[in-house]
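Engineer: My structure is in coords06.cif, and what it holds is mmCIF, C-alpha atoms:
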```
data_run
loop_
_atom_site.label_atom_id
_atom_site.label_comp_id
_atom_site.auth_asym_id
_atom_site.auth_seq_id
_atom_site.Cartn_x
_atom_site.Cartn_y
_atom_site.Cartn_z
CA MET A 3 -74.33 27.94 39.45
CA THR A 4 -75.25 28.42 35.81
CA ASP A 5 -76.45 25.40 33.92
CA GLU A 6 -74.41 24.88 30.76
CA PRO A 7 -76.11 23.42 27.71
CA ALA A 8 -75.46 19.73 27.40
CA THR A 9 -73.04 18.81 24.64
CA GLU A 10 -74.33 15.98 22.48
CA ARG A 11 -71.71 13.33 22.00
CA PRO A 12 -71.14 12.13 18.45
CA LYS A 13 -72.85 8.86 17.80
CA PRO A 14 -70.58 6.02 16.78
CA TYR A 15 -71.03 4.77 13.25
CA HIS A 16 -72.96 1.54 13.03
CA HIS A 17 -73.88 -0.78 10.18
CA GLY A 18 -75.71 -4.03 10.55
CA ASN A 19 -73.21 -5.48 8.11
CA LEU A 20 -70.39 -3.21 7.00
CA VAL A 21 -69.05 -5.69 4.44
CA ASP A 22 -72.38 -5.74 2.58
CA GLU A 23 -72.48 -1.94 2.65
CA LEU A 24 -68.95 -1.70 1.25
CA LEU A 25 -69.89 -4.05 -1.57
CA ARG A 26 -73.06 -2.11 -2.28
CA VAL A 27 -71.35 1.27 -2.54
CA THR A 28 -68.58 -0.26 -4.65
CA VAL A 29 -71.12 -1.34 -7.26
CA GLU A 30 -72.82 2.06 -6.95
CA ILE A 31 -69.58 3.92 -7.69
CA ILE A 32 -68.74 1.70 -10.66
CA GLU A 33 -72.22 2.27 -12.10
CA GLU A 34 -71.86 6.04 -11.74
CA LYS A 35 -68.22 6.61 -12.63
CA GLY A 36 -66.76 3.41 -14.05
CA VAL A 37 -64.36 1.01 -12.42
CA ASP A 38 -61.33 3.15 -13.27
CA GLN A 39 -62.60 5.84 -10.88
CA LEU A 40 -63.10 3.44 -7.99
CA SER A 41 -60.95 4.08 -4.91
CA MET A 42 -60.97 2.70 -1.39
CA ARG A 43 -61.22 6.26 -0.05
CA GLU A 44 -64.38 6.94 -2.05
CA VAL A 45 -65.85 3.61 -0.95
CA ALA A 46 -65.21 4.58 2.69
CA ARG A 47 -66.72 8.03 2.19
CA ARG A 48 -69.88 6.65 0.60
CA ALA A 49 -70.24 4.05 3.34
CA GLY A 50 -69.81 6.71 6.03
CA VAL A 51 -66.74 5.21 7.65
CA SER A 52 -63.14 6.28 8.17
CA PRO A 53 -60.71 5.93 5.22
CA GLY A 54 -59.01 3.01 6.92
CA ALA A 55 -62.17 1.07 7.78
CA PRO A 56 -62.48 -0.84 4.46
CA PHE A 57 -58.93 -2.16 4.91
CA GLN A 58 -60.07 -4.01 8.02
CA HIS A 59 -62.03 -6.27 5.67
CA PHE A 60 -60.23 -5.95 2.32
CA ALA A 61 -56.47 -5.62 1.95
CA SER A 62 -56.69 -3.89 -1.43
CA LYS A 63 -59.03 -2.67 -4.14
CA SER A 64 -58.49 -5.98 -5.93
CA ALA A 65 -59.60 -7.86 -2.82
CA LEU A 66 -62.71 -5.68 -2.60
CA LEU A 67 -63.57 -6.29 -6.25
CA THR A 68 -62.95 -10.01 -5.78
CA ALA A 69 -65.54 -9.97 -3.00
CA VAL A 70 -67.96 -8.19 -5.37
CA ALA A 71 -67.24 -10.92 -7.93
CA GLU A 72 -67.96 -13.63 -5.35
CA GLN A 73 -71.28 -11.99 -4.57
CA ALA A 74 -72.00 -11.76 -8.29
CA MET A 75 -71.05 -15.39 -8.88
CA GLN A 76 -73.46 -16.60 -6.23
CA ARG A 77 -76.27 -14.64 -7.86
CA LEU A 78 -75.27 -15.99 -11.27
CA VAL A 79 -75.28 -19.55 -9.93
CA ASP A 80 -78.75 -18.95 -8.49
CA ALA A 81 -80.00 -17.63 -11.84
CA VAL A 82 -78.57 -20.61 -13.72
CA SER A 83 -79.98 -23.07 -11.18
CA GLU A 84 -83.42 -21.50 -11.43
CA ALA A 85 -83.35 -21.73 -15.22
CA GLN A 86 -82.26 -25.38 -15.07
CA ASP A 87 -84.96 -26.28 -12.55
CA GLU A 88 -87.59 -25.19 -15.06
CA VAL A 89 -86.40 -27.78 -17.61
CA ALA A 90 -85.10 -30.48 -15.25
CA THR A 91 -86.90 -33.30 -17.06
CA GLU A 92 -86.16 -32.20 -20.62
CA ALA A 93 -83.47 -33.33 -23.07
CA PRO A 94 -79.78 -32.64 -22.30
CA LEU A 95 -79.35 -29.97 -24.97
CA ARG A 96 -82.44 -28.16 -23.71
CA ARG A 97 -80.96 -28.18 -20.20
CA LEU A 98 -77.67 -26.95 -21.61
CA GLU A 99 -79.51 -24.10 -23.29
CA ALA A 100 -81.08 -23.24 -19.94
CA ILE A 101 -77.61 -22.65 -18.46
CA GLY A 102 -76.99 -20.09 -21.19
CA GLN A 103 -80.40 -18.53 -20.70
CA GLY A 104 -79.83 -18.09 -16.98
CA TYR A 105 -76.40 -16.59 -17.63
CA LEU A 106 -77.67 -14.15 -20.25
CA ARG A 107 -80.68 -12.99 -18.27
CA TRP A 108 -78.48 -12.41 -15.23
CA ALA A 109 -75.77 -10.56 -17.20
CA LEU A 110 -78.25 -8.26 -18.92
CA ALA A 111 -79.98 -7.47 -15.62
CA ASN A 112 -76.68 -6.96 -13.75
CA PRO A 113 -74.21 -5.37 -16.18
CA THR A 114 -71.95 -3.96 -13.45
CA HIS A 115 -71.60 -7.29 -11.69
CA PHE A 116 -71.00 -8.91 -15.08
CA GLU A 117 -68.26 -6.37 -15.82
CA VAL A 118 -66.48 -7.13 -12.56
CA ILE A 119 -66.80 -10.89 -12.65
CA SER A 120 -65.72 -11.23 -16.27
CA SER A 121 -62.48 -9.24 -16.01
CA ARG A 122 -59.51 -11.14 -14.65
CA LYS A 123 -57.61 -7.84 -14.59
CA LEU A 124 -59.88 -6.46 -11.88
CA ILE A 125 -60.13 -9.44 -9.56
CA ASP A 126 -57.84 -12.08 -8.09
CA PHE A 127 -59.65 -15.12 -9.44
CA ALA A 128 -56.81 -17.49 -8.56
CA SER A 129 -57.03 -16.65 -4.85
CA SER A 130 -60.76 -17.21 -4.55
CA LEU A 131 -61.72 -20.81 -3.89
CA THR A 132 -65.37 -19.74 -4.06
CA LEU A 133 -65.09 -18.36 -7.57
CA GLN A 134 -63.11 -21.36 -8.77
CA ALA A 135 -65.49 -23.90 -7.26
CA GLN A 136 -68.66 -22.28 -8.59
CA ASN A 137 -67.14 -21.67 -12.02
CA ASP A 138 -66.04 -25.34 -12.15
CA ALA A 139 -69.51 -26.48 -11.09
CA ILE A 140 -71.10 -24.76 -14.08
CA ARG A 141 -68.44 -26.13 -16.41
CA HIS A 142 -68.92 -29.66 -15.05
CA SER A 143 -72.67 -29.37 -15.62
CA MET A 144 -72.01 -28.42 -19.23
CA VAL A 145 -69.63 -31.35 -19.71
CA GLU A 146 -72.15 -33.74 -18.19
CA LEU A 147 -75.01 -32.53 -20.37
CA LEU A 148 -72.97 -32.55 -23.57
CA THR A 149 -71.65 -36.03 -22.78
CA LEU A 150 -75.18 -37.27 -22.19
CA ALA A 151 -76.40 -35.64 -25.40
CA LYS A 152 -73.59 -37.33 -27.30
CA ALA A 153 -74.39 -40.72 -25.74
CA ASN A 154 -78.04 -40.27 -26.71
CA GLY A 155 -77.08 -39.59 -30.31
CA ASN A 156 -78.06 -35.93 -30.17
CA LEU A 157 -74.53 -34.84 -31.11
CA PRO A 158 -72.21 -36.14 -33.83
CA SER A 159 -69.95 -38.80 -32.33
CA GLU A 160 -66.80 -37.06 -33.54
CA ARG A 161 -67.47 -33.81 -31.69
CA ASP A 162 -64.99 -33.12 -28.87
CA ILE A 163 -66.76 -32.34 -25.60
CA GLN A 164 -64.18 -29.87 -24.28
CA GLU A 165 -64.22 -27.94 -27.54
CA LEU A 166 -68.01 -27.83 -27.41
CA VAL A 167 -67.88 -26.48 -23.86
CA LEU A 168 -65.50 -23.77 -25.03
CA ALA A 169 -67.72 -22.90 -27.98
CA CYS A 170 -70.82 -22.68 -25.77
CA ARG A 171 -69.03 -20.55 -23.21
CA ALA A 172 -67.60 -18.24 -25.86
CA TYR A 173 -70.95 -17.85 -27.61
CA VAL A 174 -72.91 -16.94 -24.49
CA TYR A 175 -70.16 -14.71 -23.11
CA GLY A 176 -69.85 -12.96 -26.47
CA LEU A 177 -73.57 -12.23 -26.62
CA ALA A 178 -73.55 -10.82 -23.10
CA ARG A 179 -70.44 -8.76 -23.83
CA MET A 180 -71.96 -7.27 -26.97
CA VAL A 181 -75.09 -6.20 -25.13
CA VAL A 182 -73.29 -4.78 -22.10
CA ASP A 183 -70.78 -2.93 -24.31
CA ASP A 184 -73.61 -1.61 -26.51
CA HIS A 185 -72.40 -3.28 -29.72
CA PHE A 186 -75.88 -4.12 -30.95
CA ARG A 187 -76.48 -0.60 -32.19
CA GLU A 188 -73.35 -0.46 -34.38
CA TRP A 189 -74.12 -3.93 -35.76
CA GLN A 190 -77.66 -2.73 -36.54
CA ILE A 191 -79.29 -5.32 -34.31
CA THR A 192 -82.84 -4.27 -33.59
CA GLY A 193 -85.40 -5.56 -31.14
CA GLU A 194 -85.39 -6.10 -27.39
CA ALA A 195 -81.93 -7.30 -26.34
CA GLU A 196 -83.04 -10.24 -24.20
CA THR A 197 -85.32 -11.57 -26.91
CA VAL A 198 -82.56 -11.29 -29.51
CA VAL A 199 -79.88 -13.04 -27.47
CA LEU A 200 -82.14 -15.86 -26.31
CA ARG A 201 -83.32 -16.49 -29.87
CA SER A 202 -79.71 -16.45 -31.07
CA LEU A 203 -78.72 -18.89 -28.32
CA ASN A 204 -81.52 -21.24 -29.31
CA GLY A 205 -80.29 -21.23 -32.90
CA PHE A 206 -76.74 -21.98 -31.75
CA ILE A 207 -77.75 -24.91 -29.54
CA THR A 208 -79.93 -26.33 -32.33
CA SER A 209 -76.98 -26.12 -34.72
CA LEU A 210 -74.79 -28.29 -32.48
CA SER A 211 -76.71 -31.42 -33.38
CA ARG A 212 -76.53 -30.67 -37.09
CA THR A 213 -72.80 -30.13 -37.53
CA GLY A 214 -70.09 -32.71 -37.85
#
```
Using structure tokens, write down the structure from this file.
Structural biologist:
Amino acid sequence: MTDEPATERPKPYHHGNLVDELLRVTVEIIEEKGVDQLSMREVARRAGVSPGAPFQHFASKSALLTAVAEQAMQRLVDAVSEAQDEVATEAPLRRLEAIGQGYLRWALANPTHFEVISSRKLIDFASSLTLQAQNDAIRHSMVELLTLAKANGNLPSERDIQELVLACRAYVYGLARMVVDDHFREWQITGEAETVVLRSLNGFITSLSRTG
């Protein structure tokens, strides 16, 4: 009897955590090709799984991107919390500024995550209780700090808190957007981006107490 060479059986695919791998390769593809070129098939190929495997965890590309946004939001919350911890005993407006600093540093260091989390066209924000809760938590912190600053006389009494929250949010988001979209060059802004935006933020926060 002639011995036949043993046939090696294919090894089954294994990931310690397939969901994390799918999220990782999603960000990788967006960084390389842009979000418009993202497809579930390409995500599966990069992750080394069958084309249908991602659908066991995410019903659609929007669901996948929403999961990326949830991951991004948690990291953003951590960055904001860390910045606030450093000034926990300081004045309310200084702690408010720290929220913006944490946001800006995170956005500049993670432009792809910022791109995903900031576009309501890419994700299903309304279906994510996580995104809503964490977004509301940051907003509530801003309301609390502005209210305290107003009570302490650090803001003009006639200033509307909700409008101030909107202005702060718009200012910080706008700075991040300009950096990520490379607007600084066309507006002839020179210097290291993080230094510029943090200095600009400081000037904005300082101006709040001077305007009526």
Engineer: Around (-68.8, 7.4, -0.5) in the file's frame, which residues reach within 12 Å when counting only C-alpha atoms? Return as JSON, numbers by chain?
Structural biologist: {"A": [23, 24, 25, 26, 27, 28, 29, 30, 31, 32, 34, 40, 41, 42, 43, 44, 45, 46, 47, 48, 49, 50, 51, 52, 53, 56]}
Engineer: For the file shown, what are the residues hit by the PyMOL selection byres ((chain A and resi 149-152) around 10), laid out as number ranges by chain?
Structural biologist: A: 93-96, 98, 143-148, 153-164, 211
Engineer: Compare A:Asp183, A:Val37, A:Phe116, A:Leu66 by their minimum atom-to-atom distance to A:Asp22, counting all atoms listed in the file, and give me the closest one.
Structural biologist: A:Leu66
Engineer: Give me the residues within 9 Å of A:Ala74 as an NGL selection string, counting all atoms listed in the file and dropping any in the same chain fewer than 5 places off.
Structural biologist: :A and (69 or 79 or 112 or 115-116 or 118-119)
Engineer: Compare A:Ala65, A:Ala169, A:Lys123, A:Leu133 by their minimum atom-to-atom distance to A:Phe206, counting all atoms listed in the file, and give me the closest one.
Structural biologist: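 Under the stated criterion, the closest residue is A:Ala169.
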Engineer: Nearest to A:Ala128 among A:Ser64, A:Arg212, A:Ala55, A:Arg77, with distances taken over all atoms listed in the file: which residue is it?
Structural biologist: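 Looking at the shortest contact to A:Ala128, the residue is A:Ser64.
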Engineer: With N, CA, C and O atoms as the target, complete stretch 156-167 of chain A and hand it back as a compact mmCIF listing (two decimals), in the frame of the given file.
Structural biologist:
```
# COMPACT_ATOMS: atom_id res chain seq x y z
N ASN A 156 -77.62 -37.27 -29.83
CA ASN A 156 -78.06 -35.93 -30.17
C ASN A 156 -76.93 -35.04 -30.67
O ASN A 156 -77.16 -33.90 -31.09
N LEU A 157 -75.69 -35.55 -30.60
CA LEU A 157 -74.53 -34.84 -31.11
C LEU A 157 -73.73 -35.79 -31.98
O LEU A 157 -73.68 -37.00 -31.71
N PRO A 158 -73.08 -35.28 -33.02
CA PRO A 158 -72.21 -36.14 -33.83
C PRO A 158 -71.14 -36.79 -32.95
O PRO A 158 -70.56 -36.14 -32.08
N SER A 159 -70.86 -38.05 -33.18
CA SER A 159 -69.95 -38.80 -32.33
C SER A 159 -68.53 -38.25 -32.35
O SER A 159 -67.78 -38.44 -31.40
N GLU A 160 -68.16 -37.57 -33.43
CA GLU A 160 -66.80 -37.06 -33.54
C GLU A 160 -66.58 -35.72 -32.83
O GLU A 160 -65.44 -35.24 -32.74
N ARG A 161 -67.63 -35.11 -32.34
CA ARG A 161 -67.47 -33.81 -31.69
C ARG A 161 -66.75 -33.96 -30.35
O ARG A 161 -67.07 -34.83 -29.53
N ASP A 162 -65.76 -33.11 -30.12
CA ASP A 162 -64.99 -33.12 -28.87
C ASP A 162 -65.74 -32.34 -27.80
O ASP A 162 -66.11 -31.17 -28.01
N ILE A 163 -65.96 -32.95 -26.64
CA ILE A 163 -66.76 -32.34 -25.60
C ILE A 163 -66.13 -31.05 -25.07
O ILE A 163 -66.82 -30.03 -24.90
N GLN A 164 -64.83 -31.06 -24.83
CA GLN A 164 -64.18 -29.87 -24.28
C GLN A 164 -64.24 -28.70 -25.26
O GLN A 164 -64.42 -27.55 -24.86
N GLU A 165 -64.11 -29.00 -26.55
CA GLU A 165 -64.22 -27.94 -27.54
C GLU A 165 -65.65 -27.39 -27.61
O GLU A 165 -65.86 -26.19 -27.83
N LEU A 166 -66.62 -28.27 -27.43
CA LEU A 166 -68.01 -27.83 -27.41
C LEU A 166 -68.29 -26.94 -26.19
O LEU A 166 -69.01 -25.94 -26.30
N VAL A 167 -67.72 -27.31 -25.06
CA VAL A 167 -67.88 -26.48 -23.86
C VAL A 167 -67.31 -25.09 -24.12
O VAL A 167 -67.92 -24.07 -23.78
```
